[in-house]
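Below is my_file10.cif, holding mmCIF, C-alpha atoms.
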data_upload
#
loop_
_atom_site.label_atom_id
_atom_site.label_comp_id
_atom_site.auth_asym_id
_atom_site.auth_seq_id
_atom_site.Cartn_x
_atom_site.Cartn_y
_atom_site.Cartn_z
CA MET A 1 114.95 95.19 112.62
CA SER A 2 111.46 95.17 114.08
CA LEU A 3 111.93 94.55 117.80
CA VAL A 4 110.89 97.47 120.03
CA LEU A 5 112.57 98.03 123.36
CA ASN A 6 110.54 97.24 126.44
CA VAL A 7 112.49 99.71 128.58
CA THR A 8 111.73 103.42 128.80
CA LEU A 9 114.13 105.67 126.99
CA ALA A 10 114.74 107.91 129.99
CA ALA A 11 115.58 104.89 132.15
CA LEU A 12 117.99 103.64 129.51
CA LEU A 13 119.76 106.99 129.19
CA ALA A 14 119.94 107.31 132.95
CA GLN A 15 122.18 104.22 132.95
CA SER A 16 124.68 106.12 130.81
CA PRO A 17 127.35 108.32 132.39
CA ALA A 18 126.52 111.16 129.99
CA PRO A 19 123.42 112.78 131.63
CA SER A 20 124.30 114.15 135.08
CA THR A 21 120.81 113.68 136.54
CA ALA A 22 117.61 111.75 135.98
CA ALA A 23 116.01 115.02 134.81
CA ALA A 24 118.77 115.47 132.23
CA ALA A 25 118.20 111.91 131.01
CA GLU A 26 114.49 112.60 130.68
CA ARG A 27 115.12 115.78 128.66
CA GLN A 28 117.52 113.92 126.40
CA GLY A 29 115.00 111.12 125.95
CA GLU A 30 112.30 113.61 124.97
CA ALA A 31 114.64 115.31 122.50
CA LEU A 32 115.65 111.97 120.99
CA ALA A 33 112.02 110.89 120.62
CA MET A 34 111.20 114.18 118.89
CA GLN A 35 114.19 113.87 116.53
CA VAL A 36 113.13 110.37 115.52
CA ALA A 37 109.51 111.49 114.96
CA LEU A 38 110.63 114.43 112.82
CA ASP A 39 113.03 112.28 110.80
CA ARG A 40 110.32 109.72 110.08
CA ALA A 41 107.93 112.52 109.01
CA GLY A 42 110.38 113.91 106.43
CA PHE A 43 111.38 116.93 108.53
CA SER A 44 114.99 116.02 109.16
CA PRO A 45 116.73 117.27 112.31
CA GLY A 46 120.03 116.36 110.69
CA LEU A 47 122.24 114.40 113.07
CA ILE A 48 120.22 112.58 115.73
CA ASP A 49 122.06 113.29 118.97
CA GLY A 50 119.39 113.62 121.66
CA LYS A 51 119.66 117.41 121.80
CA MET A 52 117.03 120.03 120.97
CA GLY A 53 119.49 122.12 118.99
CA THR A 54 118.87 124.66 116.24
CA ASN A 55 118.44 122.11 113.45
CA THR A 56 115.86 120.14 115.44
CA GLN A 57 113.99 123.27 116.49
CA ARG A 58 113.78 124.54 112.91
CA ALA A 59 112.47 121.17 111.73
CA LEU A 60 109.89 121.21 114.53
CA ASP A 61 108.81 124.78 113.69
CA ALA A 62 108.37 123.85 110.02
CA TYR A 63 106.33 120.77 110.92
CA ARG A 64 104.09 122.82 113.23
CA LYS A 65 103.56 125.47 110.55
CA GLN A 66 102.46 122.91 107.98
CA HIS A 67 100.45 120.57 110.21
CA GLY A 68 99.27 122.85 113.01
CA ARG A 69 100.57 120.49 115.69
CA ASP A 70 103.64 118.64 116.88
CA PRO A 71 104.51 115.26 115.39
CA LEU A 72 103.46 112.34 117.55
CA PRO A 73 106.61 110.85 119.06
CA SER A 74 106.63 107.10 119.42
CA ALA A 75 106.66 105.82 122.98
CA ASN A 76 109.52 103.61 121.79
CA PRO A 77 111.74 105.65 119.41
CA LEU A 78 114.42 102.95 119.52
CA THR A 79 114.60 99.54 117.99
CA THR A 80 117.17 96.75 118.05
CA TYR A 81 119.55 95.86 115.27
CA THR A 82 121.74 92.78 115.01
CA ILE A 83 125.16 93.62 113.62
CA THR A 84 126.05 91.40 110.64
CA ASP A 85 129.32 90.08 109.26
CA GLN A 86 128.92 92.49 106.35
CA ASP A 87 128.64 95.44 108.75
CA VAL A 88 132.09 94.73 110.19
CA SER A 89 133.85 93.44 107.07
CA GLY A 90 134.68 96.85 105.64
CA PRO A 91 136.80 97.84 103.89
CA PHE A 92 137.50 100.54 106.46
CA ALA A 93 140.02 103.31 106.08
CA PRO A 94 142.49 103.49 108.99
CA GLU A 95 142.02 107.27 108.95
CA ILE A 96 141.02 110.06 106.58
CA PRO A 97 143.78 112.69 106.38
CA PRO A 98 142.52 116.30 106.24
CA ASP A 99 144.78 117.15 103.29
CA LEU A 100 142.96 116.59 100.00
CA MET A 101 146.12 115.64 98.11
CA GLU A 102 146.73 112.91 100.69
CA GLN A 103 143.09 111.80 100.37
CA ALA A 104 143.64 111.47 96.61
CA GLN A 105 146.19 108.72 97.31
CA LEU A 106 143.64 106.51 99.06
CA PRO A 107 141.97 103.70 97.05
CA ASN A 108 138.62 104.55 98.65
CA LEU A 109 137.20 107.03 101.13
CA SER A 110 135.19 104.54 103.15
CA TYR A 111 134.07 104.64 106.76
CA THR A 112 136.82 104.36 109.35
CA SER A 113 135.05 101.87 111.64
CA PRO A 114 131.88 99.79 112.04
CA LEU A 115 130.71 102.33 114.64
CA GLU A 116 130.92 105.20 112.15
CA ALA A 117 129.09 103.16 109.51
CA LEU A 118 126.32 102.06 111.89
CA ALA A 119 125.86 105.56 113.26
CA GLU A 120 125.38 106.97 109.77
CA ARG A 121 123.02 104.13 108.84
CA PHE A 122 120.71 105.18 111.67
CA HIS A 123 121.23 108.94 111.22
CA ALA A 124 122.90 109.20 114.62
CA SER A 125 126.09 110.47 116.14
CA PRO A 126 128.63 107.78 117.13
CA GLN A 127 128.54 109.27 120.64
CA LEU A 128 124.79 108.61 120.89
CA LEU A 129 125.17 104.99 119.76
CA LYS A 130 127.85 104.46 122.38
CA GLN A 131 125.64 106.08 125.00
CA LEU A 132 122.69 103.86 124.08
CA ASN A 133 124.95 100.80 124.08
CA PRO A 134 127.56 101.36 126.80
CA GLN A 135 128.64 97.70 126.87
CA ALA A 136 128.75 97.23 123.10
CA THR A 137 131.91 96.39 121.19
CA PHE A 138 130.11 96.76 117.83
CA THR A 139 131.05 93.34 116.55
CA SER A 140 129.16 90.83 114.42
CA GLY A 141 126.20 89.13 116.11
CA GLU A 142 125.79 91.82 118.74
CA GLN A 143 122.38 93.41 119.25
CA ILE A 144 122.41 97.17 119.70
CA ARG A 145 119.82 99.87 120.33
CA VAL A 146 119.43 102.36 117.47
CA PRO A 147 117.02 105.15 116.49
CA ASP A 148 113.96 103.70 114.75
CA VAL A 149 114.42 105.48 111.42
CA GLU A 150 114.63 104.36 107.80
CA PRO A 151 118.16 102.91 107.59
CA PHE A 152 120.51 104.63 105.18
CA ILE A 153 122.52 102.32 102.94
CA VAL A 154 125.42 103.73 100.95
CA PRO A 155 124.64 103.37 97.21
CA PRO A 156 126.86 100.88 95.38
CA PRO A 157 129.97 102.09 93.52
CA ARG A 158 129.49 103.06 89.88
CA GLU A 159 131.87 103.41 86.97
CA THR A 160 132.57 107.07 86.28
CA THR A 161 131.73 108.75 82.97
CA GLY A 162 132.34 112.44 83.62
CA THR A 163 130.20 115.50 84.30
CA SER A 164 130.60 119.24 84.18
CA GLY A 165 130.74 119.82 87.97
CA LYS A 166 133.24 119.08 90.72
CA ALA A 167 132.09 115.47 90.85
CA GLU A 168 131.54 112.73 88.31
CA ALA A 169 129.58 109.46 88.25
CA ASP A 170 126.96 107.61 86.27
CA ALA A 171 123.57 109.28 86.54
CA GLU A 172 121.11 107.15 88.48
CA THR A 173 118.19 105.71 86.59
CA SER A 174 114.81 105.99 88.25
CA PRO A 175 111.09 105.91 87.44
CA PRO A 176 109.39 109.21 86.52
CA LYS A 177 109.24 111.62 89.44
CA PRO A 178 106.61 114.31 90.08
CA ASP A 179 107.63 117.93 89.69
CA VAL A 180 108.89 119.58 92.87
CA VAL A 181 110.65 122.82 93.74
CA VAL A 182 113.75 122.88 95.93
CA ALA A 183 114.35 126.02 97.99
CA VAL A 184 117.43 126.83 100.06
CA SER A 185 117.43 129.68 102.57
CA LYS A 186 120.76 131.27 103.41
CA ALA A 187 119.26 132.96 106.50
CA THR A 188 117.91 129.79 108.11
CA SER A 189 120.29 127.17 106.65
CA VAL A 190 117.29 125.09 105.60
CA LEU A 191 116.41 123.21 102.40
CA THR A 192 112.79 122.44 101.59
CA VAL A 193 111.18 120.45 98.80
CA ARG A 194 107.61 121.42 97.94
CA ASP A 195 105.14 119.60 95.72
CA ALA A 196 102.81 121.12 93.14
CA ASP A 197 100.37 122.11 95.91
CA GLY A 198 103.07 123.97 97.83
CA GLN A 199 103.24 121.39 100.62
CA ILE A 200 106.60 120.48 102.11
CA VAL A 201 107.52 116.89 101.27
CA PHE A 202 111.06 117.13 102.63
CA HIS A 203 112.85 119.51 104.98
CA ALA A 204 116.50 119.33 106.03
CA PRO A 205 119.27 121.45 107.56
CA VAL A 206 122.07 122.54 105.22
CA THR A 207 125.33 124.43 105.10
CA THR A 208 125.22 127.17 102.46
CA GLY A 209 128.52 128.89 101.78
CA SER A 210 130.69 131.47 103.48
CA GLU A 211 131.91 135.06 103.20
CA HIS A 212 134.50 133.94 100.65
CA ASP A 213 132.16 131.58 98.78
CA PRO A 214 128.62 132.93 99.22
CA LEU A 215 125.54 131.01 98.19
CA PRO A 216 124.78 132.00 94.56
CA LEU A 217 121.36 133.56 95.05
CA GLY A 218 118.86 133.08 92.25
CA GLU A 219 117.07 130.32 90.39
CA TRP A 220 118.84 127.32 88.92
CA THR A 221 117.93 123.85 87.68
CA VAL A 222 119.14 120.34 88.39
CA THR A 223 121.20 118.99 85.51
CA GLY A 224 122.12 115.59 86.92
CA VAL A 225 121.96 113.31 89.94
CA HIS A 226 124.99 111.17 90.69
CA ALA A 227 125.59 108.45 93.26
CA ASN A 228 128.98 107.79 94.85
CA PRO A 229 130.73 110.56 92.92
CA VAL A 230 134.41 110.93 92.31
CA PHE A 231 135.51 114.35 93.56
CA ASN A 232 137.41 116.39 90.97
CA TYR A 233 139.63 118.56 93.15
CA ASN A 234 140.65 121.78 91.42
CA PRO A 235 142.56 124.03 93.84
CA GLU A 236 141.88 127.03 91.58
CA LEU A 237 138.23 126.89 92.72
CA PHE A 238 139.10 127.08 96.43
CA TRP A 239 140.27 130.38 97.89
CA ASP A 240 141.97 128.61 100.81
CA ALA A 241 143.73 125.88 98.82
CA ASP A 242 147.37 125.11 99.55
CA PRO A 243 149.49 126.75 96.78
CA SER A 244 151.38 123.47 96.37
CA HIS A 245 148.20 121.54 95.48
CA ALA A 246 147.43 120.33 91.98
CA LYS A 247 144.30 118.97 90.34
CA ALA A 248 143.40 115.51 91.60
CA LYS A 249 140.63 112.92 91.64
CA LEU A 250 139.40 111.61 94.99
CA SER A 251 137.84 108.16 95.14
CA PRO A 252 134.17 107.61 96.00
CA GLY A 253 132.96 106.81 99.49
CA PRO A 254 131.02 108.25 102.41
CA ASN A 255 134.13 110.17 103.54
CA ASN A 256 134.56 111.74 100.10
CA PRO A 257 134.44 115.58 100.42
CA VAL A 258 131.01 115.58 98.72
CA GLY A 259 129.74 112.45 100.43
CA VAL A 260 127.72 109.84 98.57
CA VAL A 261 125.54 112.08 96.36
CA TRP A 262 126.23 114.98 94.01
CA ILE A 263 123.25 116.86 92.53
CA ASP A 264 124.62 118.97 89.68
CA LEU A 265 123.17 122.43 89.06
CA SER A 266 123.02 124.75 86.06
CA LYS A 267 125.34 127.12 87.95
CA GLU A 268 128.83 126.01 86.87
CA HIS A 269 130.84 124.26 89.58
CA TYR A 270 127.93 124.31 92.04
CA GLY A 271 125.89 121.45 93.40
CA ILE A 272 123.98 120.01 96.33
CA HIS A 273 125.80 117.16 98.00
CA GLY A 274 126.48 115.06 101.06
CA THR A 275 129.30 115.39 103.57
CA PRO A 276 131.72 113.24 105.56
CA GLU A 277 131.05 115.42 108.63
CA PRO A 278 127.31 115.33 109.46
CA ALA A 279 127.81 117.11 112.79
CA THR A 280 128.86 120.28 110.93
CA VAL A 281 125.72 120.60 108.80
CA GLY A 282 123.88 123.83 109.54
CA ARG A 283 126.75 125.04 111.70
CA SER A 284 129.87 125.68 109.60
CA ALA A 285 130.73 127.24 106.24
CA SER A 286 131.13 125.53 102.86
CA HIS A 287 132.78 126.53 99.61
CA GLY A 288 129.53 127.88 98.17
CA CYS A 289 127.77 124.59 97.49
CA VAL A 290 124.85 123.27 99.55
CA ARG A 291 125.82 120.48 101.92
CA LEU A 292 123.54 118.00 103.73
CA THR A 293 124.11 114.86 105.76
CA ASN A 294 124.70 111.87 103.52
CA TRP A 295 121.33 110.34 104.37
CA ASP A 296 119.46 113.58 103.68
CA ALA A 297 121.33 114.11 100.41
CA PHE A 298 120.42 110.59 99.38
CA GLN A 299 116.75 111.16 100.21
CA LEU A 300 116.80 114.43 98.27
CA SER A 301 118.31 112.67 95.26
CA GLY A 302 115.21 110.48 95.07
CA LEU A 303 112.95 113.53 94.79
CA VAL A 304 114.68 115.58 92.09
CA LYS A 305 115.47 115.05 88.42
CA PRO A 306 117.07 116.99 85.56
CA GLY A 307 115.05 120.16 85.14
CA THR A 308 113.92 120.43 88.78
CA ARG A 309 113.82 124.10 89.86
CA VAL A 310 116.21 125.10 92.62
CA VAL A 311 115.83 128.51 94.24
CA PHE A 312 118.53 130.00 96.48
CA THR A 313 117.27 132.85 98.64
CA GLU A 314 118.67 135.24 101.17
#

Can you present the structure in this file as structure tokens?
Amino acid sequence: MSLVLNVTLAALLAQSPAPSTAAAAERQGEALAMQVALDRAGFSPGLIDGKMGTNTQRALDAYRKQHGRDPLPSANPLTTYTITDQDVSGPFAPEIPPDLMEQAQLPNLSYTSPLEALAERFHASPQLLKQLNPQATFTSGEQIRVPDVEPFIVPPPRETTGTSGKAEADAETSPPKPDVVVAVSKATSVLTVRDADGQIVFHAPVTTGSEHDPLPLGEWTVTGVHANPVFNYNPELFWDADPSHAKAKLSPGPNNPVGVVWIDLSKEHYGIHGTPEPATVGRSASHGCVRLTNWDAFQLSGLVKPGTRVVFTE
């Protein structure tokens, strides 16, 4: 995946029916280039969609504050990717029902299509991939244009062993990690990871609770990091649960309610995790836990370890 496009981004977007004018295509191209530059620098804009929204602006502000300048966008923020047989082989779920008891009946909570899987791999919205590739059918052997970011690969399934949180899975093994501090701001819906010198090594948008399930302010610690967790659904922990619901286990997968990563905290029943709905991160409420895109949650999981400090602030 190393080929760089020899066509300007604005010209490419102008071919799409989405932007109404050449000026709109140019603005979208500039926003997309900035999102890719921020993502590559560790200041995640969340979902890459070609829009200078709140999540992107907060990532840009944080980068400017730390570095005293804007990141340097690549003149070619896209690259080409050849779709493989594995990309289209699935298994894919025909649909993911919104009801959690119905989800519990599914053998896995996988992607619903190659387009959804490829969009998440390149941190993008499916709509953006379709816009960048208006003639694509997203089949094996096809070359498509994608954001030039570190591809996200769903971690392999693991046998479950049980944990104390809402999710369970084998803890990942990893080499020793340096000490960092994770901070989550309720006011800005932002998570930051700082090193021993106080420098931001990772920044990402998050969803942080609601009026019914507020973020538990205070200082906690990581107690475990789990890949591809099973979701232990306990309706007693959800104020809006259907009274007819019972406890259930939901299979792993990127469309699992907690996504592909669960970071367990010392606060009982609380964790930091992924999501099956990346477009909602930073915009909608959660049930008290901290929710990131799957790719950001996975990156965060590589930075923390049992004992890592986690501070939730107003």

Excluding Val181 in chain A and its own-chain neighbours fewer than 6 positions away, which residues fall within 6 Å of it when counting all atoms listed in the file? Please give them as a ChimeraX atom specification.
/A:193-194,309

For CA of Gly253 in chain A and CA of Val146 in chain A, the interatomic separation in Å (one decimal):
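These two atoms are separated by 22.9 Å.
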
Using the chain letters and numbering of this document, enumerate as a PyMOL selection string the residues selected by the PyMOL selection byres ((chain A and resi 221) around 6).
chain A and resi 220+222+265-266+307-310

Please, what distance in Å, to one decimal, runs between CA of Gln35 in chain A and CA of Gly50 in chain A?
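We find that CA of Gln35 in chain A and CA of Gly50 in chain A lie 7.3 Å from each other.
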
Do you have the CA of Pro91 in chain A-CA of Glu277 in chain A distance handy?
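Going from CA of Pro91 in chain A over to CA of Glu277 in chain A, I get 19.1 Å.
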
What's the 6 Å shell around range 295-298 of chain A, counting all atoms listed in the file, without same-chain residues fewer than 6 positions away, as an NGL selection string?
:A and (152 or 273-274)

What would the file look like if the residues just selected were written as an mmCIF file, in the frame of the given file with C-alpha atoms?
data_model
loop_
_atom_site.group_PDB
_atom_site.id
_atom_site.type_symbol
_atom_site.label_atom_id
_atom_site.label_comp_id
_atom_site.auth_asym_id
_atom_site.auth_seq_id
_atom_site.Cartn_x
_atom_site.Cartn_y
_atom_site.Cartn_z
ATOM 1 C CA PHE A 152 120.510 104.630 105.180
ATOM 2 C CA HIS A 273 125.800 117.160 98.000
ATOM 3 C CA GLY A 274 126.480 115.060 101.060
#

Spell out the residues picked by the PyMOL selection byres ((chain A and resi 254) around 8) here, as number ranges by chain.
A: 109-111, 154, 228, 252-253, 255-256, 259-260, 275-276, 294

Selection above as a file: C-alpha atoms, as a CSV table (one decimal), in the coordinates of the input:
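What ended up in selection-v9.csv:
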chain,number,residue,atom,x,y,z
A,109,LEU,CA,137.2,107.0,101.1
A,110,SER,CA,135.2,104.5,103.2
A,111,TYR,CA,134.1,104.6,106.8
A,154,VAL,CA,125.4,103.7,101.0
A,228,ASN,CA,129.0,107.8,94.8
A,252,PRO,CA,134.2,107.6,96.0
A,253,GLY,CA,133.0,106.8,99.5
A,255,ASN,CA,134.1,110.2,103.5
A,256,ASN,CA,134.6,111.7,100.1
A,259,GLY,CA,129.7,112.4,100.4
A,260,VAL,CA,127.7,109.8,98.6
A,275,THR,CA,129.3,115.4,103.6
A,276,PRO,CA,131.7,113.2,105.6
A,294,ASN,CA,124.7,111.9,103.5

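Using only C-alpha atoms, the smallest distance between any of A:Glu236, A:Glu120, A:Asp264, A:Asp195 and Thr293 in chain A comes from A:Glu120.
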
I'd like to know which of A:Pro73, A:Pro178, A:Thr21, A:Ala124 is closest to Ala33 in chain A, using only C-alpha atoms.
A:Pro73

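You can rank A:Pro151, A:Gly46, A:Gly53, A:Gly141 by their closest distance to Gln28 in chain A using all atoms listed in the file, and at the top of that list sits A:Gly53.
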
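Nearest-residue note for Thr80 in chain A: choosing from A:Leu292, A:Ile144, A:Ala119, A:Met52, the minimum distance belongs to A:Ile144, counting all atoms listed in the file.
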
Which residue is closest to Trp262 in chain A? Choose from A:Gln127, A:Thr280, A:Thr223, A:Gln103 and count only C-alpha atoms.
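Smallest distance to Trp262 in chain A is found for A:Thr223.
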
Among the residues A:Pro235, A:Val304, A:Thr313, A:Ala23, the one that comes closest to Asp99 in chain A [using all atoms listed in the file]:
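Comparing A:Pro235, A:Val304, A:Thr313, A:Ala23 against Asp99 in chain A, the winner is A:Pro235.
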
Tell me which protein, DNA and RNA residues are within 6 Å of range 196-204 of chain A, counting all atoms listed in the file, leaving out same-chain ones fewer than 4 positions away, and put them as JSON, numbers by chain.
{"A": [42, 43, 44, 190, 191, 192]}

If the PyMOL selection byres ((chain A and resi 249) around 7) is run on the structure shown, which residues does it catch, given as a PyMOL selection string?
chain A and resi 104+230-233+248+250-251

Show me as a PyMOL selection string the residues that reach within 10 Å of (109.4, 121.2, 111.3), counting only C-alpha atoms and using the file's own coordinates.
chain A and resi 38-39+41-45+55-67+69-71+200+202-204
